[in-house]
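What follows is a single structure, written as C-alpha coordinates, with notes after it.
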Amino acid sequence: MREIKYEEIVKSVKDMILYSATNLPKDAYTALENAYKTEKSEVCKQVLKQILENADIAKNEARPLCQDTGLAVFFVKVGEDLKVVGGSLKKAINEGTEQGYKEGYLRASTCHWDTRANLKDEVGYNLPAIIHFDIVEGDGLDIEYAAKGGGSENVSRATVFPPAKGRKGIIEYVKQVISDAGPNPCPPLTVGVGIGGTFEKAVISSKHALFRELGSKNPDPVLESMEEELMVLLNNLGIGAMGMGGTNTVLGVHIEKNPCHIASLPVSVNVQCHSSRHMHIKL
Amino acid sequence: MSKTYHLTAPLSEADVVQLKAGDIVYLTGVVYTARDAAHKKLVDLLDAGQPLPFDMKGAVIYFVGPTPPKPGDPIGSAGPTTSYRMDSYSPRLINEQGLKGMIGKGKRNQDVIDACVKSKAIYFGATGGAGALLARQIKSAEVIAYPELGPEAIRRLEVVDFPLTVINDTYGADLYKIGRAQYEVF
(Lines give C-alpha, C1' and ligand atoms only; values in the text may rest on other atoms or scores of the structure.)
Protein backbone atom coordinates (compact mmCIF):
# COMPACT_ATOMS: atom_id res chain seq x y z
CA MET A 1 0.00 0.00 0.00
CA ARG A 2 1.45 3.33 -1.09
CA GLU A 3 0.81 6.34 1.10
CA ILE A 4 0.28 9.90 -0.07
CA LYS A 5 -0.05 12.93 2.18
CA TYR A 6 -3.27 14.94 2.25
CA GLU A 7 -1.22 18.15 2.09
CA GLU A 8 0.57 17.04 -1.08
CA ILE A 9 -2.77 16.62 -2.85
CA VAL A 10 -4.02 20.00 -1.61
CA LYS A 11 -0.91 21.74 -2.93
CA SER A 12 -0.95 19.93 -6.29
CA VAL A 13 -4.60 20.83 -6.87
CA LYS A 14 -4.00 24.45 -5.88
CA ASP A 15 -1.00 24.71 -8.22
CA MET A 16 -3.01 23.22 -11.08
CA ILE A 17 -5.76 25.78 -10.64
CA LEU A 18 -3.37 28.72 -10.41
CA TYR A 19 -1.45 27.61 -13.50
CA SER A 20 -4.51 26.77 -15.60
CA ALA A 21 -6.22 30.10 -14.92
CA THR A 22 -3.43 32.08 -16.59
CA ASN A 23 -1.79 29.66 -19.04
CA LEU A 24 -3.67 28.47 -22.11
CA PRO A 25 -2.60 24.86 -22.83
CA LYS A 26 -0.12 24.55 -25.71
CA ASP A 27 -2.47 22.43 -27.85
CA ALA A 28 -5.22 25.07 -27.61
CA TYR A 29 -2.78 27.90 -28.37
CA THR A 30 -1.41 26.07 -31.42
CA ALA A 31 -4.92 25.29 -32.67
CA LEU A 32 -5.86 28.98 -32.32
CA GLU A 33 -2.70 30.02 -34.20
CA ASN A 34 -3.66 27.66 -37.01
CA ALA A 35 -7.18 29.07 -37.04
CA TYR A 36 -5.71 32.58 -37.30
CA LYS A 37 -3.54 31.56 -40.23
CA THR A 38 -6.34 29.90 -42.18
CA GLU A 39 -9.25 32.21 -41.33
CA LYS A 40 -10.87 33.83 -44.37
CA SER A 41 -12.99 36.44 -42.58
CA GLU A 42 -11.16 39.64 -41.63
CA VAL A 43 -13.48 40.27 -38.64
CA CYS A 44 -12.79 36.79 -37.25
CA LYS A 45 -9.07 37.16 -37.90
CA GLN A 46 -9.13 40.23 -35.64
CA VAL A 47 -11.03 38.29 -32.98
CA LEU A 48 -8.53 35.41 -33.13
CA LYS A 49 -5.68 37.90 -32.87
CA GLN A 50 -7.26 39.34 -29.71
CA ILE A 51 -7.69 35.83 -28.30
CA LEU A 52 -3.99 35.03 -28.88
CA GLU A 53 -2.88 38.40 -27.49
CA ASN A 54 -5.09 37.77 -24.47
CA ALA A 55 -3.34 34.44 -23.87
CA ASP A 56 0.06 36.18 -24.02
CA ILE A 57 -1.02 38.92 -21.59
CA ALA A 58 -2.56 36.38 -19.20
CA LYS A 59 0.64 34.34 -19.16
CA ASN A 60 3.09 37.25 -18.92
CA GLU A 61 1.15 39.17 -16.29
CA ALA A 62 -0.32 36.16 -14.44
CA ARG A 63 -3.89 37.39 -14.99
CA PRO A 64 -6.89 35.10 -15.49
CA LEU A 65 -7.48 34.34 -19.18
CA CYS A 66 -11.21 34.88 -18.71
CA GLN A 67 -13.31 36.44 -15.98
CA ASP A 68 -15.38 33.26 -15.91
CA THR A 69 -12.89 31.13 -14.03
CA GLY A 70 -15.50 28.42 -13.98
CA LEU A 71 -16.56 25.69 -11.67
CA ALA A 72 -13.67 23.36 -10.89
CA VAL A 73 -14.28 20.00 -12.58
CA PHE A 74 -12.11 16.96 -11.80
CA PHE A 75 -11.78 13.47 -13.24
CA VAL A 76 -9.84 11.47 -10.67
CA LYS A 77 -8.49 7.94 -11.02
CA VAL A 78 -7.58 6.49 -7.65
CA GLY A 79 -5.48 3.34 -7.38
CA GLU A 80 -6.87 0.63 -5.11
CA ASP A 81 -3.48 0.35 -3.43
CA LEU A 82 -3.21 4.03 -2.52
CA LYS A 83 -3.93 5.40 0.94
CA VAL A 84 -4.34 9.10 1.65
CA VAL A 85 -2.95 10.01 5.07
CA GLY A 86 -3.99 13.04 7.07
CA GLY A 87 -7.46 13.54 5.59
CA SER A 88 -9.86 12.40 2.86
CA LEU A 89 -9.13 12.65 -0.85
CA LYS A 90 -12.36 14.49 -1.55
CA LYS A 91 -11.64 17.06 1.15
CA ALA A 92 -8.10 17.53 -0.17
CA ILE A 93 -9.40 18.30 -3.68
CA ASN A 94 -11.96 20.74 -2.34
CA GLU A 95 -9.43 22.44 -0.09
CA GLY A 96 -6.92 22.76 -2.96
CA THR A 97 -9.69 24.22 -5.10
CA GLU A 98 -10.63 26.82 -2.51
CA GLN A 99 -6.99 27.81 -1.91
CA GLY A 100 -6.29 28.09 -5.65
CA TYR A 101 -9.37 30.19 -6.41
CA LYS A 102 -8.65 32.50 -3.47
CA GLU A 103 -4.91 32.92 -4.00
CA GLY A 104 -5.29 33.48 -7.73
CA TYR A 105 -7.96 36.16 -7.27
CA LEU A 106 -10.24 33.95 -9.34
CA ARG A 107 -13.97 34.49 -9.41
CA ALA A 108 -16.20 32.47 -7.09
CA SER A 109 -19.11 31.54 -9.34
CA THR A 110 -21.09 29.01 -7.30
CA CYS A 111 -24.56 30.05 -6.26
CA HIS A 112 -27.78 28.62 -4.86
CA TRP A 113 -29.88 27.20 -7.71
CA ASP A 114 -32.99 29.14 -6.65
CA THR A 115 -32.00 32.26 -4.69
CA ARG A 116 -28.87 32.65 -6.89
CA ALA A 117 -27.01 33.84 -3.79
CA ASN A 118 -23.24 33.34 -4.02
CA LEU A 119 -22.33 30.34 -1.87
CA LYS A 120 -18.80 31.29 -0.95
CA ASP A 121 -19.62 31.90 2.70
CA GLU A 122 -21.76 28.83 3.04
CA VAL A 123 -19.77 25.99 1.51
CA GLY A 124 -16.46 27.66 0.71
CA TYR A 125 -14.97 29.79 -2.03
CA ASN A 126 -16.10 28.38 -5.40
CA LEU A 127 -17.02 25.09 -3.75
CA PRO A 128 -18.04 22.35 -4.03
CA ALA A 129 -15.78 21.17 -6.82
CA ILE A 130 -17.43 18.80 -9.30
CA ILE A 131 -15.49 15.54 -8.88
CA HIS A 132 -15.83 12.31 -10.88
CA PHE A 133 -14.02 9.49 -9.12
CA ASP A 134 -12.94 6.26 -10.73
CA ILE A 135 -11.25 3.43 -8.82
CA VAL A 136 -8.53 1.69 -10.81
CA GLU A 137 -5.87 -0.96 -10.29
CA GLY A 138 -2.49 0.03 -8.87
CA ASP A 139 -1.34 2.72 -6.45
CA GLY A 140 -1.47 5.85 -8.64
CA LEU A 141 -3.43 9.07 -8.34
CA ASP A 142 -4.35 10.61 -11.66
CA ILE A 143 -6.09 14.01 -11.64
CA GLU A 144 -7.55 15.82 -14.63
CA TYR A 145 -8.81 19.34 -13.96
CA ALA A 146 -10.81 21.79 -16.05
CA ALA A 147 -12.14 25.25 -15.29
CA LYS A 148 -15.59 24.99 -16.87
CA GLY A 149 -17.27 28.27 -17.68
CA GLY A 150 -21.01 28.85 -17.87
CA GLY A 151 -21.26 30.27 -21.39
CA SER A 152 -20.18 27.09 -23.15
CA GLU A 153 -21.75 24.74 -20.61
CA ASN A 154 -25.16 26.39 -21.14
CA VAL A 155 -25.38 25.28 -24.78
CA SER A 156 -24.46 21.65 -24.04
CA ARG A 157 -27.20 19.09 -24.71
CA ALA A 158 -27.99 15.38 -24.30
CA THR A 159 -30.58 13.01 -25.67
CA VAL A 160 -31.38 9.32 -26.01
CA PHE A 161 -32.09 8.15 -29.57
CA PRO A 162 -33.69 4.92 -30.69
CA PRO A 163 -30.82 2.79 -32.07
CA ALA A 164 -32.16 3.15 -35.65
CA LYS A 165 -30.96 6.78 -35.69
CA GLY A 166 -27.38 5.49 -35.81
CA ARG A 167 -24.34 7.39 -36.99
CA LYS A 168 -26.35 9.70 -39.27
CA GLY A 169 -28.64 10.72 -36.42
CA ILE A 170 -25.69 11.44 -34.13
CA ILE A 171 -24.00 13.63 -36.73
CA GLU A 172 -27.20 15.58 -37.40
CA TYR A 173 -27.71 16.07 -33.66
CA VAL A 174 -24.20 17.41 -33.01
CA LYS A 175 -24.56 19.74 -35.99
CA GLN A 176 -27.89 21.05 -34.68
CA VAL A 177 -26.52 21.66 -31.17
CA ILE A 178 -23.58 23.71 -32.48
CA SER A 179 -25.75 25.53 -35.03
CA ASP A 180 -28.24 26.53 -32.33
CA ALA A 181 -25.42 27.63 -30.01
CA GLY A 182 -24.10 30.05 -32.67
CA PRO A 183 -22.00 32.84 -31.14
CA ASN A 184 -23.03 32.24 -27.50
CA PRO A 185 -20.41 29.71 -26.31
CA CYS A 186 -17.33 31.74 -27.45
CA PRO A 187 -16.23 29.88 -30.59
CA PRO A 188 -13.89 28.53 -31.89
CA LEU A 189 -14.92 25.52 -29.83
CA THR A 190 -13.79 22.11 -28.77
CA VAL A 191 -16.76 19.78 -29.08
CA GLY A 192 -16.92 16.75 -26.78
CA VAL A 193 -19.31 13.99 -27.85
CA GLY A 194 -20.28 11.06 -25.64
CA ILE A 195 -21.94 8.11 -27.34
CA GLY A 196 -23.51 5.10 -25.65
CA GLY A 197 -23.58 3.98 -22.05
CA THR A 198 -26.60 5.18 -20.11
CA PHE A 199 -27.95 8.74 -20.20
CA GLU A 200 -25.54 10.02 -17.51
CA LYS A 201 -22.60 7.97 -18.79
CA ALA A 202 -22.89 9.64 -22.21
CA VAL A 203 -22.93 13.07 -20.57
CA ILE A 204 -19.87 12.37 -18.42
CA SER A 205 -18.03 10.92 -21.43
CA SER A 206 -18.80 14.01 -23.50
CA LYS A 207 -17.15 16.17 -20.86
CA HIS A 208 -14.19 13.83 -20.47
CA ALA A 209 -13.65 13.91 -24.25
CA LEU A 210 -12.72 17.60 -23.92
CA PHE A 211 -9.50 16.62 -22.11
CA ARG A 212 -7.99 14.85 -25.13
CA GLU A 213 -5.18 16.73 -26.82
CA LEU A 214 -6.35 18.94 -29.69
CA GLY A 215 -5.04 17.62 -32.98
CA SER A 216 -4.73 14.04 -31.71
CA LYS A 217 -6.45 11.22 -33.54
CA ASN A 218 -9.13 8.98 -32.06
CA PRO A 219 -7.70 5.45 -31.66
CA ASP A 220 -10.98 4.01 -32.95
CA PRO A 221 -11.02 4.36 -36.77
CA VAL A 222 -14.83 4.63 -36.90
CA LEU A 223 -14.80 7.48 -34.40
CA GLU A 224 -11.82 9.08 -36.12
CA SER A 225 -13.77 9.28 -39.38
CA MET A 226 -16.83 10.67 -37.57
CA GLU A 227 -14.65 13.34 -35.94
CA GLU A 228 -13.20 14.31 -39.33
CA GLU A 229 -16.64 14.47 -40.92
CA LEU A 230 -17.97 16.60 -38.06
CA MET A 231 -14.99 18.99 -38.21
CA VAL A 232 -15.87 19.79 -41.82
CA LEU A 233 -19.63 20.03 -41.22
CA LEU A 234 -19.27 22.26 -38.16
CA ASN A 235 -16.76 24.60 -39.79
CA ASN A 236 -19.11 24.81 -42.78
CA LEU A 237 -21.77 26.29 -40.48
CA GLY A 238 -19.96 29.62 -41.01
CA ILE A 239 -20.32 30.70 -37.37
CA GLY A 240 -16.66 31.68 -37.00
CA ALA A 241 -14.76 33.16 -34.06
CA MET A 242 -17.21 34.77 -31.60
CA GLY A 243 -19.97 34.04 -34.14
CA MET A 244 -19.11 36.95 -36.39
CA GLY A 245 -19.12 34.81 -39.53
CA GLY A 246 -16.04 32.87 -40.57
CA THR A 247 -14.39 29.61 -41.52
CA ASN A 248 -13.07 28.43 -38.12
CA THR A 249 -15.92 27.44 -35.80
CA VAL A 250 -14.34 24.41 -34.12
CA LEU A 251 -10.77 23.61 -33.10
CA GLY A 252 -11.53 19.94 -32.54
CA VAL A 253 -14.24 17.30 -32.21
CA HIS A 254 -13.51 14.56 -29.69
CA ILE A 255 -15.75 11.51 -29.35
CA GLU A 256 -15.84 8.91 -26.56
CA LYS A 257 -17.86 5.72 -26.88
CA ASN A 258 -19.39 3.28 -24.41
CA PRO A 259 -21.27 0.01 -24.83
CA CYS A 260 -25.01 0.63 -24.41
CA HIS A 261 -28.35 -1.08 -23.84
CA ILE A 262 -29.88 -2.86 -26.86
CA ALA A 263 -32.82 -0.43 -26.71
CA SER A 264 -30.86 2.82 -26.39
CA LEU A 265 -28.48 5.16 -28.17
CA PRO A 266 -27.60 7.94 -25.70
CA VAL A 267 -25.74 10.93 -27.17
CA SER A 268 -24.34 13.96 -25.39
CA VAL A 269 -22.59 17.08 -26.67
CA ASN A 270 -20.47 19.08 -24.23
CA VAL A 271 -19.13 22.35 -25.56
CA GLN A 272 -15.85 24.00 -24.58
CA CYS A 273 -15.06 27.62 -25.42
CA HIS A 274 -11.73 28.69 -26.94
CA SER A 275 -10.37 29.35 -23.44
CA SER A 276 -9.89 25.63 -22.89
CA ARG A 277 -8.28 25.65 -19.47
CA HIS A 278 -7.39 22.15 -18.35
CA MET A 279 -4.51 20.18 -16.92
CA HIS A 280 -3.54 16.61 -16.11
CA ILE A 281 -1.22 15.44 -13.33
CA LYS A 282 -0.17 12.10 -11.93
CA LEU A 283 0.90 11.86 -8.31
CA MET B 1 -17.59 47.77 -45.83
CA SER B 2 -16.91 48.02 -42.13
CA LYS B 3 -15.86 51.41 -40.71
CA THR B 4 -13.94 52.26 -37.55
CA TYR B 5 -15.17 54.86 -35.04
CA HIS B 6 -13.83 56.37 -31.83
CA LEU B 7 -16.74 57.29 -29.55
CA THR B 8 -17.15 58.70 -26.05
CA ALA B 9 -19.74 57.38 -23.58
CA PRO B 10 -22.39 58.43 -22.59
CA LEU B 11 -23.60 58.15 -26.18
CA SER B 12 -25.91 60.50 -28.07
CA GLU B 13 -28.47 59.58 -30.71
CA ALA B 14 -26.14 61.06 -33.36
CA ASP B 15 -23.36 58.73 -32.13
CA VAL B 16 -25.41 55.58 -32.54
CA VAL B 17 -27.40 56.15 -35.74
CA GLN B 18 -24.20 56.34 -37.82
CA LEU B 19 -23.16 52.81 -36.76
CA LYS B 20 -23.81 49.72 -38.88
CA ALA B 21 -23.52 46.05 -37.96
CA GLY B 22 -19.90 44.99 -38.50
CA ASP B 23 -18.38 48.40 -37.69
CA ILE B 24 -15.51 48.58 -35.21
CA VAL B 25 -15.83 51.01 -32.30
CA TYR B 26 -13.17 52.07 -29.79
CA LEU B 27 -15.13 53.35 -26.82
CA THR B 28 -13.80 55.82 -24.25
CA GLY B 29 -15.64 57.23 -21.22
CA VAL B 30 -17.98 55.90 -18.56
CA VAL B 31 -19.50 52.44 -18.75
CA TYR B 32 -21.60 50.71 -16.04
CA THR B 33 -21.39 47.00 -15.29
CA ALA B 34 -24.53 44.98 -14.66
CA ARG B 35 -25.49 41.38 -15.25
CA ASP B 36 -28.27 39.00 -14.23
CA ALA B 37 -28.97 39.83 -10.58
CA ALA B 38 -28.26 43.57 -10.97
CA HIS B 39 -30.67 43.81 -13.92
CA LYS B 40 -33.39 42.21 -11.85
CA LYS B 41 -32.81 44.77 -9.10
CA LEU B 42 -32.88 47.67 -11.58
CA VAL B 43 -36.20 46.56 -13.01
CA ASP B 44 -37.60 46.00 -9.49
CA LEU B 45 -36.70 49.64 -8.72
CA LEU B 46 -38.56 50.82 -11.83
CA ASP B 47 -41.60 48.75 -10.79
CA ALA B 48 -41.49 50.42 -7.36
CA GLY B 49 -41.19 53.88 -8.92
CA GLN B 50 -37.75 54.39 -7.33
CA PRO B 51 -34.78 56.16 -8.93
CA LEU B 52 -31.99 54.06 -10.48
CA PRO B 53 -28.47 54.06 -9.01
CA PHE B 54 -27.07 55.77 -12.14
CA ASP B 55 -28.34 57.98 -14.96
CA MET B 56 -29.53 55.63 -17.70
CA LYS B 57 -29.88 58.35 -20.37
CA GLY B 58 -27.20 57.75 -23.00
CA ALA B 59 -25.61 55.14 -20.77
CA VAL B 60 -23.66 52.08 -21.86
CA ILE B 61 -24.04 48.88 -19.80
CA TYR B 62 -21.34 46.22 -19.90
CA PHE B 63 -22.57 42.69 -19.11
CA VAL B 64 -19.62 41.50 -17.03
CA GLY B 65 -18.79 39.85 -13.72
CA PRO B 66 -15.07 40.51 -13.27
CA THR B 67 -12.61 38.47 -11.24
CA PRO B 68 -11.52 40.15 -7.97
CA PRO B 69 -8.78 42.74 -8.58
CA LYS B 70 -5.24 41.96 -7.52
CA PRO B 71 -3.85 44.49 -5.02
CA GLY B 72 -3.09 47.72 -6.88
CA ASP B 73 -5.26 46.92 -9.94
CA PRO B 74 -8.57 48.69 -10.64
CA ILE B 75 -10.22 45.46 -11.78
CA GLY B 76 -9.49 41.79 -12.43
CA SER B 77 -10.09 40.03 -15.73
CA ALA B 78 -13.19 41.50 -17.33
CA GLY B 79 -14.52 39.93 -20.53
CA PRO B 80 -18.19 39.96 -21.56
CA THR B 81 -20.75 37.40 -20.39
CA THR B 82 -23.43 35.86 -22.64
CA SER B 83 -26.08 38.52 -23.19
CA TYR B 84 -29.33 36.62 -23.82
CA ARG B 85 -29.88 36.32 -20.09
CA MET B 86 -30.47 40.08 -20.00
CA ASP B 87 -32.96 40.00 -22.93
CA SER B 88 -36.02 40.19 -20.71
CA TYR B 89 -34.75 43.37 -19.03
CA SER B 90 -32.96 45.35 -21.77
CA PRO B 91 -35.95 46.56 -23.88
CA ARG B 92 -37.45 48.38 -20.91
CA LEU B 93 -34.16 50.11 -20.08
CA ILE B 94 -33.79 51.14 -23.75
CA ASN B 95 -37.37 52.25 -24.42
CA GLU B 96 -38.25 53.84 -21.08
CA GLN B 97 -34.91 54.95 -19.66
CA GLY B 98 -32.80 55.95 -22.66
CA LEU B 99 -30.11 53.25 -22.45
CA LYS B 100 -28.01 53.69 -25.61
CA GLY B 101 -25.46 50.89 -25.56
CA MET B 102 -25.00 47.34 -24.32
CA ILE B 103 -21.75 45.37 -24.41
CA GLY B 104 -21.80 41.59 -24.26
CA LYS B 105 -21.44 38.53 -26.42
CA GLY B 106 -23.90 36.25 -28.14
CA LYS B 107 -27.36 36.55 -29.65
CA ARG B 108 -30.12 38.94 -28.56
CA ASN B 109 -33.80 38.21 -29.05
CA GLN B 110 -36.16 40.06 -31.39
CA ASP B 111 -37.52 42.25 -28.58
CA VAL B 112 -34.05 43.68 -27.96
CA ILE B 113 -33.37 44.12 -31.68
CA ASP B 114 -36.74 45.90 -32.05
CA ALA B 115 -35.99 48.17 -29.08
CA CYS B 116 -32.63 49.09 -30.64
CA VAL B 117 -34.51 50.22 -33.76
CA LYS B 118 -37.39 51.94 -32.00
CA SER B 119 -35.41 53.88 -29.41
CA LYS B 120 -32.01 54.06 -31.15
CA ALA B 121 -29.64 51.87 -29.20
CA ILE B 122 -26.69 49.62 -30.09
CA TYR B 123 -25.65 46.16 -29.04
CA PHE B 124 -21.88 45.83 -29.14
CA GLY B 125 -19.92 42.57 -29.04
CA ALA B 126 -16.63 42.32 -27.19
CA THR B 127 -14.36 39.29 -27.51
CA GLY B 128 -15.52 36.68 -25.03
CA GLY B 129 -12.78 35.20 -22.91
CA ALA B 130 -10.39 38.07 -23.65
CA GLY B 131 -10.66 39.12 -20.00
CA ALA B 132 -7.00 39.99 -19.49
CA LEU B 133 -6.77 42.02 -22.72
CA LEU B 134 -10.00 43.94 -22.10
CA ALA B 135 -9.12 44.72 -18.47
CA ARG B 136 -6.12 46.71 -19.75
CA GLN B 137 -8.54 49.24 -21.27
CA ILE B 138 -10.33 49.77 -17.94
CA LYS B 139 -8.63 52.59 -16.05
CA SER B 140 -10.83 52.78 -12.96
CA ALA B 141 -13.64 50.82 -11.33
CA GLU B 142 -15.86 51.77 -8.43
CA VAL B 143 -18.74 49.76 -6.97
CA ILE B 144 -21.75 52.11 -6.94
CA ALA B 145 -24.58 49.71 -6.07
CA TYR B 146 -25.31 46.25 -4.70
CA PRO B 147 -21.88 45.37 -3.25
CA GLU B 148 -23.55 42.29 -1.75
CA LEU B 149 -23.75 40.83 -5.27
CA GLY B 150 -19.96 40.45 -5.43
CA PRO B 151 -18.91 40.00 -9.08
CA GLU B 152 -22.46 41.02 -10.08
CA ALA B 153 -22.38 44.40 -8.28
CA ILE B 154 -22.89 47.54 -10.37
CA ARG B 155 -19.56 49.24 -11.07
CA ARG B 156 -18.78 52.56 -12.72
CA LEU B 157 -15.88 51.97 -15.09
CA GLU B 158 -13.71 54.45 -16.93
CA VAL B 159 -12.58 52.86 -20.18
CA VAL B 160 -10.17 54.02 -22.88
CA ASP B 161 -10.32 52.72 -26.46
CA PHE B 162 -12.35 49.68 -25.43
CA PRO B 163 -12.47 47.48 -28.59
CA LEU B 164 -15.99 46.63 -29.78
CA THR B 165 -17.83 45.35 -32.84
CA VAL B 166 -21.37 46.49 -33.67
CA ILE B 167 -23.62 43.41 -33.64
CA ASN B 168 -27.12 44.96 -33.68
CA ASP B 169 -27.50 48.48 -35.07
CA THR B 170 -30.39 50.97 -35.06
CA TYR B 171 -31.62 49.63 -38.43
CA GLY B 172 -32.39 46.08 -37.32
CA ALA B 173 -29.28 44.46 -38.81
CA ASP B 174 -27.64 41.52 -36.98
CA LEU B 175 -23.96 40.79 -37.63
CA TYR B 176 -24.38 37.21 -36.41
CA LYS B 177 -26.85 36.55 -39.24
CA ILE B 178 -25.07 38.61 -41.91
CA GLY B 179 -21.62 37.19 -41.11
CA ARG B 180 -22.74 33.59 -40.93
CA ALA B 181 -24.69 33.81 -44.19
CA GLN B 182 -21.46 34.92 -45.89
CA TYR B 183 -19.51 31.82 -44.82
CA GLU B 184 -22.10 29.05 -44.42
CA VAL B 185 -21.53 26.17 -46.85
CA PHE B 186 -24.60 24.07 -47.64
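Naming works like this for the C-alpha coordinates: A, B, ... for the chains as they're shown, residue 1 at the start of each chain, ligands 1 onward in shown order.
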Which residues of chain B have any atom within 8 Å of an atom in chain A when counting only C-alpha atoms, and what is the closest pair of atoms for each, with the distance in Å to one decimal? Order the rows by chain and rising number and write it as CSV.
residue,atom,partner,partner_atom,distance
B:Gly22,CA,A:Val43,CA,8.0
B:Gly65,CA,A:Gln67,CA,6.8
B:Pro66,CA,A:Gln67,CA,5.2
B:Thr67,CA,A:Arg107,CA,4.6
B:Pro68,CA,A:Tyr105,CA,5.4
B:Pro69,CA,A:Tyr105,CA,6.8
B:Lys70,CA,A:Tyr105,CA,6.4
B:Gly76,CA,A:Gln67,CA,7.5
B:Ser77,CA,A:Gln67,CA,4.8
B:Ala78,CA,A:Gln67,CA,5.2
B:Gly79,CA,A:Gln67,CA,5.9
B:Thr81,CA,A:Gly151,CA,7.2
B:Thr82,CA,A:Asn184,CA,6.1
B:Lys105,CA,A:Asn184,CA,6.6
B:Gly106,CA,A:Asn184,CA,4.1
B:Lys107,CA,A:Asn184,CA,6.5
B:Thr127,CA,A:Val47,CA,6.5
B:Gly128,CA,A:Cys186,CA,5.8
B:Gly129,CA,A:Cys66,CA,4.5
B:Ala130,CA,A:Asn54,CA,5.4
B:Gly131,CA,A:Cys66,CA,4.5
B:Ala132,CA,A:Leu65,CA,5.7
B:Leu133,CA,A:Asn54,CA,4.9
B:Leu149,CA,A:Asn118,CA,7.6
B:Gly150,CA,A:Asn118,CA,8.0
B:Pro151,CA,A:Arg107,CA,7.4
B:Leu175,CA,A:Met244,CA,6.3
B:Tyr176,CA,A:Met244,CA,5.3
B:Lys177,CA,A:Gly245,CA,7.9
B:Ile178,CA,A:Gly245,CA,7.4
B:Gly179,CA,A:Gly245,CA,3.8
B:Arg180,CA,A:Gly245,CA,4.1
B:Ala181,CA,A:Gly238,CA,7.1
B:Gln182,CA,A:Gly245,CA,6.8
B:Tyr183,CA,A:Gly238,CA,4.4
B:Glu184,CA,A:Gly238,CA,4.1
B:Val185,CA,A:Asn236,CA,4.9
B:Phe186,CA,A:Asn236,CA,7.4
How far is it from atom CA of A:Gly192 to atom CA of A:Glu228, in Å with one decimal?
13.3 Å
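Computed from the coordinates, the atom CA of A:Val253 to atom CA of A:Ser205 distance equals 13.1 Å.
From atom CA of B:Asp23 back to atom CA of B:Ser140, the distance works out to 26.2 Å.
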Show which residues sit within 10 Å of B:Met56, as a PDB file with N, CA and C atoms, in the first residue's frame. Count only C-alpha atoms, and ignore same-chain residues fewer than 6 positions away.
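Below you can see out.pdb, which holds the result:
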ATOM      1  N   PRO B  10     -21.091  58.832 -22.031  1.00  0.00           N
ATOM      2  CA  PRO B  10     -22.386  58.426 -22.589  1.00  0.00           C
ATOM      3  C   PRO B  10     -22.534  58.785 -24.078  1.00  0.00           C
ATOM      4  N   TYR B  32     -21.144  51.328 -17.292  1.00  0.00           N
ATOM      5  CA  TYR B  32     -21.601  50.710 -16.042  1.00  0.00           C
ATOM      6  C   TYR B  32     -21.703  49.198 -16.212  1.00  0.00           C
ATOM      7  N   LEU B  93     -35.192  49.105 -20.373  1.00  0.00           N
ATOM      8  CA  LEU B  93     -34.158  50.111 -20.084  1.00  0.00           C
ATOM      9  C   LEU B  93     -33.901  50.985 -21.312  1.00  0.00           C
ATOM     10  N   ILE B  94     -34.007  50.387 -22.505  1.00  0.00           N
ATOM     11  CA  ILE B  94     -33.793  51.140 -23.748  1.00  0.00           C
ATOM     12  C   ILE B  94     -34.990  52.074 -24.020  1.00  0.00           C
ATOM     13  N   GLU B  96     -37.721  52.928 -22.107  1.00  0.00           N
ATOM     14  CA  GLU B  96     -38.248  53.839 -21.083  1.00  0.00           C
ATOM     15  C   GLU B  96     -37.186  54.718 -20.451  1.00  0.00           C
ATOM     16  N   GLN B  97     -35.926  54.242 -20.445  1.00  0.00           N
ATOM     17  CA  GLN B  97     -34.908  54.947 -19.661  1.00  0.00           C
ATOM     18  C   GLN B  97     -33.792  55.559 -20.498  1.00  0.00           C
ATOM     19  N   GLY B  98     -33.793  55.291 -21.800  1.00  0.00           N
ATOM     20  CA  GLY B  98     -32.804  55.945 -22.663  1.00  0.00           C
ATOM     21  C   GLY B  98     -31.438  55.280 -22.712  1.00  0.00           C
ATOM     22  N   LEU B  99     -31.363  53.991 -22.306  1.00  0.00           N
ATOM     23  CA  LEU B  99     -30.106  53.246 -22.449  1.00  0.00           C
ATOM     24  C   LEU B  99     -29.694  53.240 -23.926  1.00  0.00           C
ATOM     25  N   LYS B 100     -28.428  53.571 -24.206  1.00  0.00           N
ATOM     26  CA  LYS B 100     -28.006  53.691 -25.613  1.00  0.00           C
ATOM     27  C   LYS B 100     -27.068  52.584 -26.074  1.00  0.00           C
TER      28      LYS B 100
END
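Scanning stretch 120-242 of chain A with DSSP on the backbone, the strand (DSSP E) assignments fall on Ile130, Ile131, His132, Phe133, Asp134, Ile135, Val136, Leu141, Asp142, Ile143, Glu144, Tyr145, Ala146, Ala147, Lys148, Arg157, Ala158, Thr159, Val160, Phe161, Leu189, Thr190, Val191, Gly192, Val193, Gly194, Ile195 and Gly196 of chain A.
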